[in-house]
Amino acid sequence: AEAAVRLVATPAPNPFGTHLRVALIAPAAGPATFTLHDALGRTVLTRTAALPAGASTVELPQAAELPVGVYLLRVQQGAQQLTRRVVRQ
């Protein structure tokens, strides 16, 4: 498989209930920060994980404790950052 040149993150399931995980493809190994923000922009969850280069999965079990609603998941690794909309149902 060809190495990724940019960070890819896919939260699942989405909408989520008691479990949220993020499938990732990282261009290089290194720490990544995951933050969930509520509709008002407040940070409601932060997690740091060491990602290997290539495919991996990070679990966010604390997300199950959040109230129902729409959240923005921000994933940052080095200079790369992306945001995904997730729904807690």
# chains A, B, ... in the order shown; residues from 1 in each chain; ligands from 1
$ residues_around --residues "segment 40-52 of chain A" --least-positions-apart "2" --cutoff "9 Å" --atoms "only C-alpha atoms" --output "NGL selection string"
:A and (24-38 or 54-58 or 60 or 62-63 or 66 or 71-72 or 77)
$ select_by_dssp --residues "chain A" --states "strand (DSSP E)" --output "ChimeraX atom specification"
/A:8-12,21-26,30-37,43-51,54-59,69-77,80-88
$ write_last_selection --atoms "N, CA and C atoms" --output "short mmCIF file (atom, residue, chain, number, x, y, z; two decimals), in the first residue's frame"
data_model
loop_
_atom_site.label_atom_id
_atom_site.label_comp_id
_atom_site.auth_asym_id
_atom_site.auth_seq_id
_atom_site.Cartn_x
_atom_site.Cartn_y
_atom_site.Cartn_z
N VAL A 8 -5.35 11.31 7.43
CA VAL A 8 -6.74 10.98 7.13
C VAL A 8 -7.38 10.48 8.42
N ALA A 9 -8.58 10.98 8.73
CA ALA A 9 -9.27 10.53 9.94
C ALA A 9 -10.75 10.34 9.64
N THR A 10 -11.28 9.18 10.04
CA THR A 10 -12.69 8.87 9.82
C THR A 10 -13.31 8.40 11.13
N PRO A 11 -14.16 9.25 11.76
CA PRO A 11 -14.81 8.83 12.99
C PRO A 11 -15.94 7.84 12.68
N ALA A 12 -16.10 6.83 13.54
CA ALA A 12 -17.16 5.85 13.34
C ALA A 12 -17.52 5.24 14.69
N ARG A 21 -14.83 5.72 17.79
CA ARG A 21 -13.43 5.44 17.45
C ARG A 21 -13.09 6.23 16.20
N VAL A 22 -11.81 6.46 16.00
CA VAL A 22 -11.34 7.20 14.84
C VAL A 22 -10.35 6.33 14.09
N ALA A 23 -10.69 6.02 12.85
CA ALA A 23 -9.77 5.29 11.98
C ALA A 23 -8.86 6.31 11.32
N LEU A 24 -7.56 6.06 11.39
CA LEU A 24 -6.58 7.04 10.93
C LEU A 24 -5.61 6.44 9.93
N ILE A 25 -5.13 7.28 9.06
CA ILE A 25 -3.97 6.96 8.24
C ILE A 25 -3.01 8.14 8.40
N ALA A 26 -1.87 7.87 9.01
CA ALA A 26 -0.91 8.94 9.29
C ALA A 26 0.29 8.81 8.35
N GLY A 30 4.07 9.56 15.15
CA GLY A 30 4.21 10.71 16.04
C GLY A 30 2.94 10.95 16.81
N PRO A 31 3.02 11.80 17.84
CA PRO A 31 1.85 12.06 18.66
C PRO A 31 0.78 12.84 17.91
N ALA A 32 -0.47 12.53 18.22
CA ALA A 32 -1.60 13.27 17.66
C ALA A 32 -2.51 13.68 18.80
N THR A 33 -3.14 14.82 18.65
CA THR A 33 -4.08 15.31 19.66
C THR A 33 -5.48 15.29 19.08
N PHE A 34 -6.41 14.74 19.86
CA PHE A 34 -7.82 14.66 19.47
C PHE A 34 -8.59 15.56 20.43
N THR A 35 -9.34 16.51 19.89
CA THR A 35 -10.18 17.35 20.74
C THR A 35 -11.59 17.37 20.18
N LEU A 36 -12.56 17.26 21.09
CA LEU A 36 -13.97 17.38 20.71
C LEU A 36 -14.47 18.72 21.24
N HIS A 37 -15.16 19.45 20.38
CA HIS A 37 -15.71 20.76 20.75
C HIS A 37 -17.22 20.71 20.59
N THR A 43 -14.14 23.11 24.51
CA THR A 43 -13.48 21.81 24.43
C THR A 43 -14.09 20.90 25.50
N VAL A 44 -14.63 19.77 25.07
CA VAL A 44 -15.29 18.86 26.01
C VAL A 44 -14.51 17.55 26.19
N LEU A 45 -13.52 17.32 25.35
CA LEU A 45 -12.71 16.10 25.46
C LEU A 45 -11.38 16.35 24.78
N THR A 46 -10.30 15.93 25.41
CA THR A 46 -8.98 16.00 24.80
C THR A 46 -8.26 14.68 25.06
N ARG A 47 -7.64 14.17 24.03
CA ARG A 47 -6.88 12.93 24.18
C ARG A 47 -5.65 13.02 23.28
N THR A 48 -4.52 12.55 23.76
CA THR A 48 -3.31 12.48 22.95
C THR A 48 -2.96 11.01 22.77
N ALA A 49 -2.56 10.65 21.56
CA ALA A 49 -2.18 9.27 21.29
C ALA A 49 -0.97 9.27 20.37
N ALA A 50 -0.12 8.29 20.55
CA ALA A 50 1.04 8.11 19.67
C ALA A 50 0.59 7.30 18.46
N LEU A 51 0.65 7.90 17.29
CA LEU A 51 0.21 7.20 16.08
C LEU A 51 1.41 6.57 15.37
N GLY A 54 1.02 5.05 8.89
CA GLY A 54 0.07 4.14 8.27
C GLY A 54 -1.24 4.09 9.04
N ALA A 55 -1.93 2.96 8.94
CA ALA A 55 -3.29 2.84 9.49
C ALA A 55 -3.27 2.50 10.97
N SER A 56 -4.19 3.09 11.71
CA SER A 56 -4.38 2.78 13.12
C SER A 56 -5.78 3.22 13.52
N THR A 57 -6.17 2.86 14.74
CA THR A 57 -7.47 3.25 15.27
C THR A 57 -7.27 3.77 16.68
N VAL A 58 -7.94 4.87 16.99
CA VAL A 58 -7.90 5.43 18.35
C VAL A 58 -9.32 5.42 18.90
N GLU A 59 -9.46 4.89 20.11
CA GLU A 59 -10.76 4.85 20.78
C GLU A 59 -10.92 6.11 21.62
N GLY A 69 -25.91 15.60 20.92
CA GLY A 69 -25.70 16.84 20.18
C GLY A 69 -24.66 16.69 19.10
N VAL A 70 -24.34 17.82 18.48
CA VAL A 70 -23.37 17.86 17.39
C VAL A 70 -22.04 18.38 17.95
N TYR A 71 -20.96 17.71 17.55
CA TYR A 71 -19.63 18.08 18.01
C TYR A 71 -18.67 18.17 16.83
N LEU A 72 -17.60 18.91 17.02
CA LEU A 72 -16.53 18.94 16.03
C LEU A 72 -15.33 18.23 16.62
N LEU A 73 -14.85 17.23 15.90
CA LEU A 73 -13.66 16.49 16.29
C LEU A 73 -12.49 17.05 15.52
N ARG A 74 -11.48 17.56 16.25
CA ARG A 74 -10.28 18.07 15.60
C ARG A 74 -9.14 17.11 15.88
N VAL A 75 -8.45 16.72 14.82
CA VAL A 75 -7.31 15.82 14.94
C VAL A 75 -6.09 16.60 14.44
N GLN A 76 -5.05 16.65 15.26
CA GLN A 76 -3.83 17.37 14.86
C GLN A 76 -2.63 16.49 15.09
N GLN A 77 -1.80 16.41 14.05
CA GLN A 77 -0.52 15.70 14.16
C GLN A 77 0.51 16.57 13.46
N GLN A 80 -0.22 19.10 10.50
CA GLN A 80 -1.47 18.71 9.85
C GLN A 80 -2.62 18.70 10.85
N GLN A 81 -3.74 19.26 10.40
CA GLN A 81 -4.91 19.32 11.26
C GLN A 81 -6.15 19.14 10.40
N LEU A 82 -7.11 18.40 10.92
CA LEU A 82 -8.38 18.32 10.22
C LEU A 82 -9.52 18.24 11.21
N THR A 83 -10.70 18.59 10.73
CA THR A 83 -11.89 18.66 11.59
C THR A 83 -12.99 17.82 10.97
N ARG A 84 -13.67 17.03 11.79
CA ARG A 84 -14.79 16.21 11.34
C ARG A 84 -15.98 16.45 12.24
N ARG A 85 -17.17 16.52 11.65
CA ARG A 85 -18.39 16.71 12.42
C ARG A 85 -18.89 15.35 12.87
N VAL A 86 -19.19 15.22 14.16
CA VAL A 86 -19.73 13.98 14.69
C VAL A 86 -20.99 14.28 15.50
N VAL A 87 -21.89 13.31 15.55
CA VAL A 87 -23.15 13.50 16.25
C VAL A 87 -23.27 12.43 17.35
N ARG A 88 -23.53 12.89 18.57
CA ARG A 88 -23.81 11.98 19.69
C ARG A 88 -25.32 11.80 19.74
#
$ atom_distance --atom1 "atom CA of Ala39 of chain A" --atom2 "atom CA of Ala79 of chain A"
24.8 Å
$ select_by_dssp --residues "segment 11-75 of chain A" --states "helix (DSSP H, G or I)" --output "short mmCIF file (atom, residue, chain, number, x, y, z; two decimals) with N, CA, C and O atoms, in the first residue's frame"
data_model
loop_
_atom_site.label_atom_id
_atom_site.label_comp_id
_atom_site.auth_asym_id
_atom_site.auth_seq_id
_atom_site.Cartn_x
_atom_site.Cartn_y
_atom_site.Cartn_z
N PRO A 61 -13.38 6.55 24.41
CA PRO A 61 -14.48 6.07 25.25
C PRO A 61 -15.17 7.17 26.04
O PRO A 61 -16.35 7.06 26.35
N GLN A 62 -14.45 8.26 26.34
CA GLN A 62 -15.04 9.34 27.12
C GLN A 62 -16.19 10.02 26.37
O GLN A 62 -17.03 10.69 26.95
N ALA A 63 -16.22 9.88 25.04
CA ALA A 63 -17.27 10.52 24.24
C ALA A 63 -18.65 10.00 24.61
O ALA A 63 -19.65 10.69 24.43
N ALA A 64 -18.71 8.79 25.15
CA ALA A 64 -20.01 8.20 25.53
C ALA A 64 -20.67 9.00 26.65
O ALA A 64 -21.89 8.93 26.82
N GLU A 65 -19.89 9.76 27.42
CA GLU A 65 -20.43 10.51 28.55
C GLU A 65 -20.99 11.87 28.12
O GLU A 65 -21.59 12.58 28.93
#
$ decode --residues "chain A" --atoms "C-alpha atoms" --output "short mmCIF file (atom, residue, chain, number, x, y, z; two decimals), in the first residue's frame"
data_model
loop_
_atom_site.label_atom_id
_atom_site.label_comp_id
_atom_site.auth_asym_id
_atom_site.auth_seq_id
_atom_site.Cartn_x
_atom_site.Cartn_y
_atom_site.Cartn_z
CA ALA A 1 0.00 0.00 0.00
CA GLU A 2 1.16 3.48 -0.78
CA ALA A 3 2.07 5.68 2.16
CA ALA A 4 -0.31 8.52 2.94
CA VAL A 5 1.04 12.00 2.31
CA ARG A 6 -1.56 13.66 4.51
CA LEU A 7 -3.40 12.75 7.65
CA VAL A 8 -6.74 10.98 7.13
CA ALA A 9 -9.27 10.53 9.94
CA THR A 10 -12.69 8.87 9.82
CA PRO A 11 -14.81 8.83 12.99
CA ALA A 12 -17.16 5.85 13.34
CA PRO A 13 -19.86 5.11 14.01
CA ASN A 14 -21.31 8.51 13.18
CA PRO A 15 -23.77 9.22 14.70
CA PHE A 16 -22.33 7.48 17.77
CA GLY A 17 -23.87 6.32 21.01
CA THR A 18 -21.76 4.55 23.60
CA HIS A 19 -18.64 4.21 21.49
CA LEU A 20 -16.60 6.49 19.23
CA ARG A 21 -13.43 5.44 17.45
CA VAL A 22 -11.34 7.20 14.84
CA ALA A 23 -9.77 5.29 11.98
CA LEU A 24 -6.58 7.04 10.93
CA ILE A 25 -3.97 6.96 8.24
CA ALA A 26 -0.91 8.94 9.29
CA PRO A 27 1.92 9.90 6.92
CA ALA A 28 4.48 9.52 9.72
CA ALA A 29 4.68 8.20 13.26
CA GLY A 30 4.21 10.71 16.04
CA PRO A 31 1.85 12.06 18.66
CA ALA A 32 -1.60 13.27 17.66
CA THR A 33 -4.08 15.31 19.66
CA PHE A 34 -7.82 14.66 19.47
CA THR A 35 -10.18 17.35 20.74
CA LEU A 36 -13.97 17.38 20.71
CA HIS A 37 -15.71 20.76 20.75
CA ASP A 38 -19.38 21.36 21.43
CA ALA A 39 -21.66 23.65 19.43
CA LEU A 40 -20.48 26.64 21.48
CA GLY A 41 -16.85 25.91 20.70
CA ARG A 42 -15.98 24.66 24.18
CA THR A 43 -13.48 21.81 24.43
CA VAL A 44 -15.29 18.86 26.01
CA LEU A 45 -12.71 16.10 25.46
CA THR A 46 -8.98 16.00 24.80
CA ARG A 47 -6.88 12.93 24.18
CA THR A 48 -3.31 12.48 22.95
CA ALA A 49 -2.18 9.27 21.29
CA ALA A 50 1.04 8.11 19.67
CA LEU A 51 0.21 7.20 16.08
CA PRO A 52 2.26 4.80 14.00
CA ALA A 53 2.87 5.60 10.35
CA GLY A 54 0.07 4.14 8.27
CA ALA A 55 -3.29 2.84 9.49
CA SER A 56 -4.38 2.78 13.12
CA THR A 57 -7.47 3.25 15.27
CA VAL A 58 -7.90 5.43 18.35
CA GLU A 59 -10.76 4.85 20.78
CA LEU A 60 -12.45 7.79 22.48
CA PRO A 61 -14.48 6.07 25.25
CA GLN A 62 -15.04 9.34 27.12
CA ALA A 63 -17.27 10.52 24.24
CA ALA A 64 -20.01 8.20 25.53
CA GLU A 65 -20.43 10.51 28.55
CA LEU A 66 -21.25 13.56 26.42
CA PRO A 67 -24.78 14.89 26.06
CA VAL A 68 -26.67 14.28 22.82
CA GLY A 69 -25.70 16.84 20.18
CA VAL A 70 -23.37 17.86 17.39
CA TYR A 71 -19.63 18.08 18.01
CA LEU A 72 -16.53 18.94 16.03
CA LEU A 73 -13.66 16.49 16.29
CA ARG A 74 -10.28 18.07 15.60
CA VAL A 75 -7.31 15.82 14.94
CA GLN A 76 -3.83 17.37 14.86
CA GLN A 77 -0.52 15.70 14.16
CA GLY A 78 2.45 17.98 13.64
CA ALA A 79 1.54 20.67 11.10
CA GLN A 80 -1.47 18.71 9.85
CA GLN A 81 -4.91 19.32 11.26
CA LEU A 82 -8.38 18.32 10.22
CA THR A 83 -11.89 18.66 11.59
CA ARG A 84 -14.79 16.21 11.34
CA ARG A 85 -18.39 16.71 12.42
CA VAL A 86 -19.73 13.98 14.69
CA VAL A 87 -23.15 13.50 16.25
CA ARG A 88 -23.81 11.98 19.69
CA GLN A 89 -27.22 10.34 19.68
#
